[in-house]
$ cat model34.cif   # mmCIF, C-alpha atoms
data_upload
loop_
_atom_site.label_atom_id
_atom_site.label_comp_id
_atom_site.auth_asym_id
_atom_site.auth_seq_id
_atom_site.Cartn_x
_atom_site.Cartn_y
_atom_site.Cartn_z
CA MET A 1 48.63 232.41 -19.50
CA ILE A 2 51.89 231.66 -21.30
CA VAL A 3 51.17 227.96 -20.99
CA ALA A 4 47.74 228.47 -22.53
CA ILE A 5 49.23 230.43 -25.46
CA ALA A 6 51.94 227.80 -25.97
CA LEU A 7 49.36 225.02 -25.83
CA GLY A 8 47.15 226.89 -28.28
CA ALA A 9 50.07 227.41 -30.67
CA TYR A 10 51.05 223.75 -30.34
CA LEU A 11 47.50 222.57 -31.09
CA ALA A 12 47.24 224.96 -34.04
CA MET A 13 50.49 223.59 -35.49
CA LYS A 14 49.31 220.02 -34.94
CA GLY A 15 46.03 220.85 -36.68
CA TYR A 16 47.91 222.45 -39.56
CA ASP A 17 50.21 219.42 -39.87
CA TYR A 18 47.23 217.09 -39.82
CA ASP A 19 45.47 219.17 -42.49
CA GLN A 20 48.60 219.19 -44.68
CA GLN A 21 48.98 215.44 -44.32
CA ARG A 22 45.34 214.85 -45.28
CA GLN A 23 45.74 217.10 -48.34
CA GLN A 24 48.86 215.20 -49.43
CA GLU A 25 47.09 211.88 -48.94
CA HIS A 26 44.13 213.18 -50.95
CA ARG A 27 46.39 214.33 -53.82
CA ALA A 28 48.26 211.00 -53.72
CA THR A 29 44.94 209.12 -53.87
CA GLN A 30 43.82 211.24 -56.83
CA MET A 31 47.10 210.51 -58.62
CA LEU A 32 46.79 206.82 -57.85
CA ASP A 33 43.28 206.90 -59.34
CA LYS A 34 44.67 208.51 -62.50
CA ILE A 35 47.41 205.90 -62.77
CA ALA A 36 44.92 203.07 -62.16
CA GLN A 37 42.67 204.47 -64.91
CA GLU A 38 45.63 204.76 -67.29
CA MET A 39 46.74 201.21 -66.47
CA LYS A 40 43.20 199.91 -67.11
CA MET A 41 43.27 201.48 -70.57
CA ASN A 42 46.73 200.07 -71.18
CA ALA A 43 45.66 196.63 -69.95
CA GLY A 44 42.87 196.66 -72.54
CA GLN A 45 45.35 197.52 -75.30
CA VAL A 46 47.81 194.87 -74.13
CA SER A 47 45.01 192.29 -73.94
CA LEU A 48 44.02 192.98 -77.56
CA SER A 49 47.64 192.75 -78.66
CA LEU A 50 48.10 189.53 -76.68
CA ASP A 51 45.10 187.98 -78.47
CA TYR A 52 46.65 188.85 -81.84
CA HIS A 53 50.13 187.60 -80.88
CA THR A 54 48.66 184.37 -79.51
CA MET A 55 46.88 183.78 -82.82
CA VAL A 56 50.04 184.50 -84.86
CA LYS A 57 52.20 182.37 -82.54
CA ASP A 58 49.77 179.44 -82.82
CA THR A 59 49.63 179.85 -86.62
CA LEU A 60 53.42 179.84 -86.90
CA ASP A 61 53.69 176.82 -84.59
CA PHE A 62 51.20 175.00 -86.82
CA LEU A 63 53.02 176.01 -90.00
CA TRP A 64 56.39 174.86 -88.66
CA ALA A 65 54.83 171.55 -87.54
CA THR A 66 53.34 170.93 -90.99
CA LYS A 67 56.20 172.30 -93.08
CA ASP A 68 56.92 168.87 -94.63
CA SER A 69 53.47 168.66 -96.18
CA GLU A 70 53.20 172.37 -96.95
CA PRO A 71 56.44 174.31 -97.38
CA LEU A 72 56.84 177.40 -95.24
CA SER A 73 57.61 179.54 -98.25
CA LEU A 74 54.35 181.40 -98.14
CA ARG A 75 54.45 184.97 -99.36
CA ARG A 76 52.63 186.06 -96.24
CA ILE A 77 51.93 184.47 -92.92
CA PRO A 78 48.18 183.84 -92.64
CA LEU A 79 46.47 186.49 -90.49
CA TRP A 80 49.71 188.54 -90.32
CA LYS A 81 49.05 192.27 -89.93
CA GLY A 82 52.49 193.36 -88.79
CA ILE A 83 53.90 193.46 -85.28
CA GLN A 84 50.84 195.23 -83.78
CA ALA A 85 52.54 196.54 -80.64
CA PRO A 86 50.07 197.65 -77.98
CA GLN A 87 49.58 201.41 -77.88
CA VAL A 88 50.03 202.25 -74.22
CA ARG A 89 50.09 205.58 -72.43
CA ASP A 90 52.25 206.88 -69.63
CA ALA A 91 51.10 210.49 -69.05
CA ALA A 92 49.72 209.88 -65.53
CA TYR A 93 52.86 207.98 -64.58
CA GLN A 94 55.12 210.76 -65.86
CA GLU A 95 53.00 213.37 -64.06
CA ALA A 96 53.31 211.43 -60.80
CA ILE A 97 57.07 211.28 -61.18
CA ALA A 98 57.36 214.98 -62.00
CA SER A 99 55.14 216.06 -59.10
CA HIS A 100 56.65 213.64 -56.53
CA LYS A 101 53.27 212.04 -55.88
CA PHE A 102 54.85 208.63 -55.42
CA ASP A 103 56.33 209.69 -52.08
CA HIS A 104 53.28 208.42 -50.21
CA LEU A 105 52.96 205.01 -51.86
CA SER A 106 54.05 201.79 -50.26
CA SER A 107 57.33 200.48 -51.62
CA LEU A 108 55.57 197.36 -52.97
CA LEU A 109 53.01 199.36 -54.93
CA LEU A 110 55.63 201.77 -56.21
CA GLU A 111 57.77 198.85 -57.40
CA GLN A 112 54.79 197.21 -59.13
CA ILE A 113 53.83 200.40 -60.96
CA THR A 114 57.43 201.10 -61.99
CA GLN A 115 57.91 197.56 -63.31
CA ILE A 116 54.71 197.83 -65.35
CA TYR A 117 55.70 201.09 -66.99
CA THR A 118 59.25 199.84 -67.61
CA LEU A 119 57.96 196.71 -69.37
CA GLN A 120 55.48 198.80 -71.37
CA ALA A 121 58.36 201.01 -72.55
CA GLU A 122 60.39 197.93 -73.53
CA LEU A 123 57.46 196.65 -75.59
CA GLN A 124 57.26 199.96 -77.40
CA ARG A 125 60.98 199.79 -78.20
CA LEU A 126 60.58 196.33 -79.76
CA SER A 127 58.52 197.78 -82.57
CA SER A 128 59.33 200.44 -85.12
CA PRO A 129 58.06 201.44 -88.56
CA THR A 130 61.49 200.64 -89.98
CA LEU A 131 61.33 197.10 -88.63
CA GLU A 132 57.87 196.63 -90.16
CA ILE A 133 59.14 197.78 -93.56
CA VAL A 134 62.18 195.47 -93.43
CA LEU A 135 60.02 192.49 -92.44
CA GLN A 136 57.53 193.16 -95.26
CA GLU A 137 60.35 193.54 -97.82
CA ASN A 138 62.00 190.33 -96.66
CA LEU A 139 58.69 188.45 -96.88
CA ARG A 140 58.52 189.41 -100.57
CA ASP A 141 62.02 188.04 -101.24
CA LYS A 142 61.79 184.23 -101.60
CA SER A 143 65.42 183.74 -100.55
CA ARG A 144 64.80 185.55 -97.23
CA ARG A 145 61.28 184.42 -96.49
CA GLN A 146 62.02 181.47 -94.22
CA GLU A 147 64.61 183.46 -92.24
CA THR A 148 62.08 186.30 -91.92
CA HIS A 149 59.46 183.86 -90.64
CA ARG A 150 61.90 182.83 -87.91
CA ILE A 151 62.52 186.48 -86.97
CA ILE A 152 58.78 187.14 -86.88
CA GLU A 153 58.27 184.02 -84.79
CA LYS A 154 60.91 185.22 -82.29
CA LEU A 155 59.37 188.71 -82.10
CA VAL A 156 55.86 187.37 -81.67
CA LYS A 157 56.98 185.01 -78.90
CA ASP A 158 58.80 187.89 -77.17
CA TYR A 159 55.63 189.99 -77.34
CA PHE A 160 53.49 187.07 -76.18
CA LYS A 161 55.72 186.51 -73.14
CA ALA A 162 55.97 190.22 -72.24
CA GLU A 163 52.24 190.84 -72.71
CA SER A 164 51.32 187.78 -70.63
CA ASN A 165 53.60 189.08 -67.87
CA LEU A 166 52.09 192.56 -68.15
CA ILE A 167 48.54 191.23 -67.78
CA ARG A 168 49.59 189.37 -64.63
CA MET A 169 51.41 192.46 -63.32
CA TYR A 170 48.36 194.68 -63.96
CA ASP A 171 46.19 192.29 -61.94
CA GLN A 172 48.64 192.33 -59.04
CA ALA A 173 48.94 196.13 -59.12
CA PHE A 174 45.15 196.59 -59.21
CA GLN A 175 44.89 194.36 -56.13
CA SER A 176 47.59 196.40 -54.38
CA ILE A 177 45.79 199.63 -55.30
CA ARG A 178 42.51 198.27 -53.86
CA ASN A 179 44.37 197.29 -50.67
CA SER A 180 45.99 200.73 -50.50
CA ARG A 181 42.59 202.45 -50.77
CA LYS A 182 41.20 200.30 -47.96
CA LYS A 183 44.01 201.47 -45.68
CA VAL A 184 43.33 205.15 -46.43
CA LYS A 185 39.59 204.90 -45.69
#

$ encode --input "model34.cif" --output "structure tokens"
Amino acid sequence: MIVAIALGAYLAMKGYDYDQQRQQEHRATQMLDKIAQEMKMNAGQVSLSLDYHTMVKDTLDFLWATKDSEPLSLRRIPLWKGIQAPQVRDAAYQEAIASHKFDHLSSLLLEQITQIYTLQAELQRLSSPTLEIVLQENLRDKSRRQETHRIIEKLVKDYFKAESNLIRMYDQAFQSIRNSRKKVK
């Protein structure tokens, strides 16, 4: 009789543990879905920004290559609309951190997601309204224009490199997320 009660209690605890584990896995999967959705939106924004920075980078490369025939003292860089940093979000990521939902992710996937959000934050720090104002003012001043073009060129190339890396990192993370979902099912 005591053995039967002990066995029943043991099985009940095992069932409870199994149920708790399934609930945690379900919540982790839901959070991963939210992060994947947020990263898809961010990837779209980064892709648009990359297109713009590619165009500006190519324009500047062309202007520097032809500066002997056409001085690079233009008031404005053709097609220049400012830095145009991608507007990315991190709410799902911050929620996952705050609620400890990353505890059930593989270390590879966790590292990929963290690297993505770190690089996104660095991109955001590269741009500021003050920087935009200073660049526009310097473009109006003929004595500073060429120096400003070099600064813009450096910024655009930094964005181009970071955004290209982000696009590659998104693709790798999406593949890891798909692999993670296959393991859960």

$ resolve_selection --input "model34.cif" --expression "the PyMOL selection byres ((chain A and resi 55-62) around 7)" --output "list in words"
Asp51, Tyr52, His53, Thr54, Leu63, Trp64, Ala65, Thr66, Leu79, Trp80, Glu153, Val156 and Lys157 of chain A

$ closest_residue --input "model34.cif" --among "A:Ile97, A:Ile2, A:Val88, A:Leu109" --to "Ala121 of chain A" --atoms "all atoms listed in the file"
A:Val88

$ resolve_selection --input "model34.cif" --expression "the PyMOL selection byres ((chain A and resi 91-94) around 10)" --output "PyMOL selection string"
chain A and resi 31-39+88-90+95-102+113-114+117

$ axis_aligned_box --input "model34.cif" --around "segment 137-150 of chain A" --padding-each-side "6 Å" --output "JSON"
{"center_x": 62.0, "center_y": 187.5, "center_z": -94.8, "size_x": 18.9, "size_y": 24.1, "size_z": 25.7}

$ resolve_selection --input "model34.cif" --expression "the PyMOL selection byres ((chain A and resi 172-185) around 7)" --output "list in words"
Leu109, Gln112, Ile113, Arg168, Met169, Tyr170 and Asp171 of chain A

$ atom_distance --input "model34.cif" --atom1 "atom CA of Ile133 of chain A" --atom2 "atom CA of Phe160 of chain A"
21.2 Å

$ atom_distance --input "model34.cif" --atom1 "atom CA of Glu137 of chain A" --atom2 "atom CA of Ser47 of chain A"
28.4 Å

$ residues_around --input "model34.cif" --residues "Gln136 of chain A" --least-positions-apart "2" --cutoff "10 Å" --atoms "all atoms listed in the file" --output "list in words"
Arg75, Arg76, Gly82, Thr130, Leu131, Glu132, Ile133, Val134, Asn138, Leu139, Arg140, Asp141, Arg145 and Thr148 of chain A

$ atom_distance --input "model34.cif" --atom1 "atom CA of Asn165 of chain A" --atom2 "atom CA of Leu126 of chain A"
15.6 Å

$ decode --input "model34.cif" --residues "segment 21-33 of chain A" --atoms "all heavy atoms" --output "compact mmCIF listing (two decimals), in the first residue's frame"
# COMPACT_ATOMS: atom_id res chain seq x y z
N GLN A 21 7.66 21.64 -17.82
CA GLN A 21 8.68 21.73 -18.88
C GLN A 21 8.02 22.06 -20.22
O GLN A 21 8.51 22.89 -20.97
CB GLN A 21 9.47 20.43 -18.97
CG GLN A 21 10.57 20.47 -20.02
CD GLN A 21 11.35 19.18 -20.09
OE1 GLN A 21 11.14 18.25 -19.32
NE2 GLN A 21 12.26 19.11 -21.03
N ARG A 22 6.93 21.43 -20.52
CA ARG A 22 6.21 21.70 -21.79
C ARG A 22 5.71 23.14 -21.82
O ARG A 22 5.78 23.79 -22.86
CB ARG A 22 5.02 20.73 -21.95
CG ARG A 22 5.39 19.27 -22.11
CD ARG A 22 6.13 18.95 -23.36
NE ARG A 22 5.27 19.20 -24.51
CZ ARG A 22 5.70 19.34 -25.75
NH1 ARG A 22 6.98 19.24 -26.01
NH2 ARG A 22 4.88 19.56 -26.73
N GLN A 23 5.20 23.64 -20.69
CA GLN A 23 4.74 25.03 -20.63
C GLN A 23 5.90 25.99 -20.86
O GLN A 23 5.75 26.99 -21.58
CB GLN A 23 4.05 25.32 -19.29
CG GLN A 23 2.68 24.70 -19.17
CD GLN A 23 2.04 25.02 -17.82
OE1 GLN A 23 2.46 25.91 -17.11
NE2 GLN A 23 1.01 24.26 -17.48
N GLN A 24 7.04 25.72 -20.25
CA GLN A 24 8.21 26.58 -20.45
C GLN A 24 8.68 26.55 -21.89
O GLN A 24 9.02 27.59 -22.46
CB GLN A 24 9.35 26.15 -19.52
CG GLN A 24 9.11 26.51 -18.08
CD GLN A 24 10.23 25.99 -17.18
OE1 GLN A 24 11.04 25.14 -17.57
NE2 GLN A 24 10.27 26.50 -15.95
N GLU A 25 8.69 25.37 -22.49
CA GLU A 25 9.07 25.25 -23.89
C GLU A 25 8.09 26.02 -24.78
O GLU A 25 8.49 26.68 -25.74
CB GLU A 25 9.13 23.79 -24.31
CG GLU A 25 10.33 23.04 -23.75
CD GLU A 25 10.28 21.55 -24.04
OE1 GLU A 25 9.30 21.06 -24.66
OE2 GLU A 25 11.22 20.85 -23.63
N HIS A 26 6.80 25.92 -24.46
CA HIS A 26 5.78 26.64 -25.23
C HIS A 26 5.98 28.15 -25.12
O HIS A 26 5.93 28.86 -26.12
CB HIS A 26 4.38 26.24 -24.76
CG HIS A 26 3.28 26.94 -25.49
ND1 HIS A 26 2.98 26.69 -26.80
CD2 HIS A 26 2.42 27.91 -25.08
CE1 HIS A 26 1.99 27.46 -27.19
NE2 HIS A 26 1.63 28.22 -26.15
N ARG A 27 6.22 28.65 -23.91
CA ARG A 27 6.45 30.09 -23.72
C ARG A 27 7.73 30.53 -24.43
O ARG A 27 7.78 31.60 -25.04
CB ARG A 27 6.51 30.43 -22.24
CG ARG A 27 5.14 30.43 -21.58
CD ARG A 27 5.18 31.02 -20.18
NE ARG A 27 5.96 30.22 -19.24
CZ ARG A 27 5.47 29.28 -18.45
NH1 ARG A 27 4.18 28.99 -18.48
NH2 ARG A 27 6.26 28.61 -17.63
N ALA A 28 8.77 29.70 -24.38
CA ALA A 28 10.03 30.02 -25.06
C ALA A 28 9.81 30.05 -26.58
O ALA A 28 10.34 30.93 -27.26
CB ALA A 28 11.11 29.01 -24.69
N THR A 29 9.02 29.13 -27.09
CA THR A 29 8.72 29.11 -28.53
C THR A 29 7.93 30.35 -28.93
O THR A 29 8.20 30.96 -29.97
CB THR A 29 7.94 27.83 -28.90
OG1 THR A 29 8.74 26.70 -28.56
CG2 THR A 29 7.60 27.79 -30.38
N GLN A 30 6.97 30.74 -28.10
CA GLN A 30 6.20 31.96 -28.38
C GLN A 30 7.12 33.18 -28.40
O GLN A 30 6.99 34.04 -29.26
CB GLN A 30 5.10 32.16 -27.34
CG GLN A 30 3.93 31.23 -27.51
CD GLN A 30 2.88 31.46 -26.42
OE1 GLN A 30 3.19 31.67 -25.26
NE2 GLN A 30 1.61 31.42 -26.83
N MET A 31 8.03 33.25 -27.44
CA MET A 31 8.96 34.38 -27.39
C MET A 31 9.88 34.37 -28.60
O MET A 31 10.16 35.41 -29.19
CB MET A 31 9.77 34.35 -26.09
CG MET A 31 10.72 35.54 -25.94
SD MET A 31 9.94 37.18 -26.11
CE MET A 31 8.87 37.17 -24.70
N LEU A 32 10.34 33.20 -28.98
CA LEU A 32 11.20 33.09 -30.15
C LEU A 32 10.45 33.54 -31.41
O LEU A 32 11.03 34.20 -32.27
CB LEU A 32 11.71 31.65 -30.29
CG LEU A 32 12.85 31.42 -31.27
CD1 LEU A 32 14.04 32.30 -30.95
CD2 LEU A 32 13.27 29.95 -31.23
N ASP A 33 9.16 33.21 -31.49
CA ASP A 33 8.34 33.67 -32.61
C ASP A 33 8.25 35.19 -32.63
O ASP A 33 8.34 35.82 -33.69
CB ASP A 33 6.94 33.06 -32.55
CG ASP A 33 6.92 31.58 -32.87
OD1 ASP A 33 7.92 31.07 -33.42
OD2 ASP A 33 5.91 30.92 -32.55
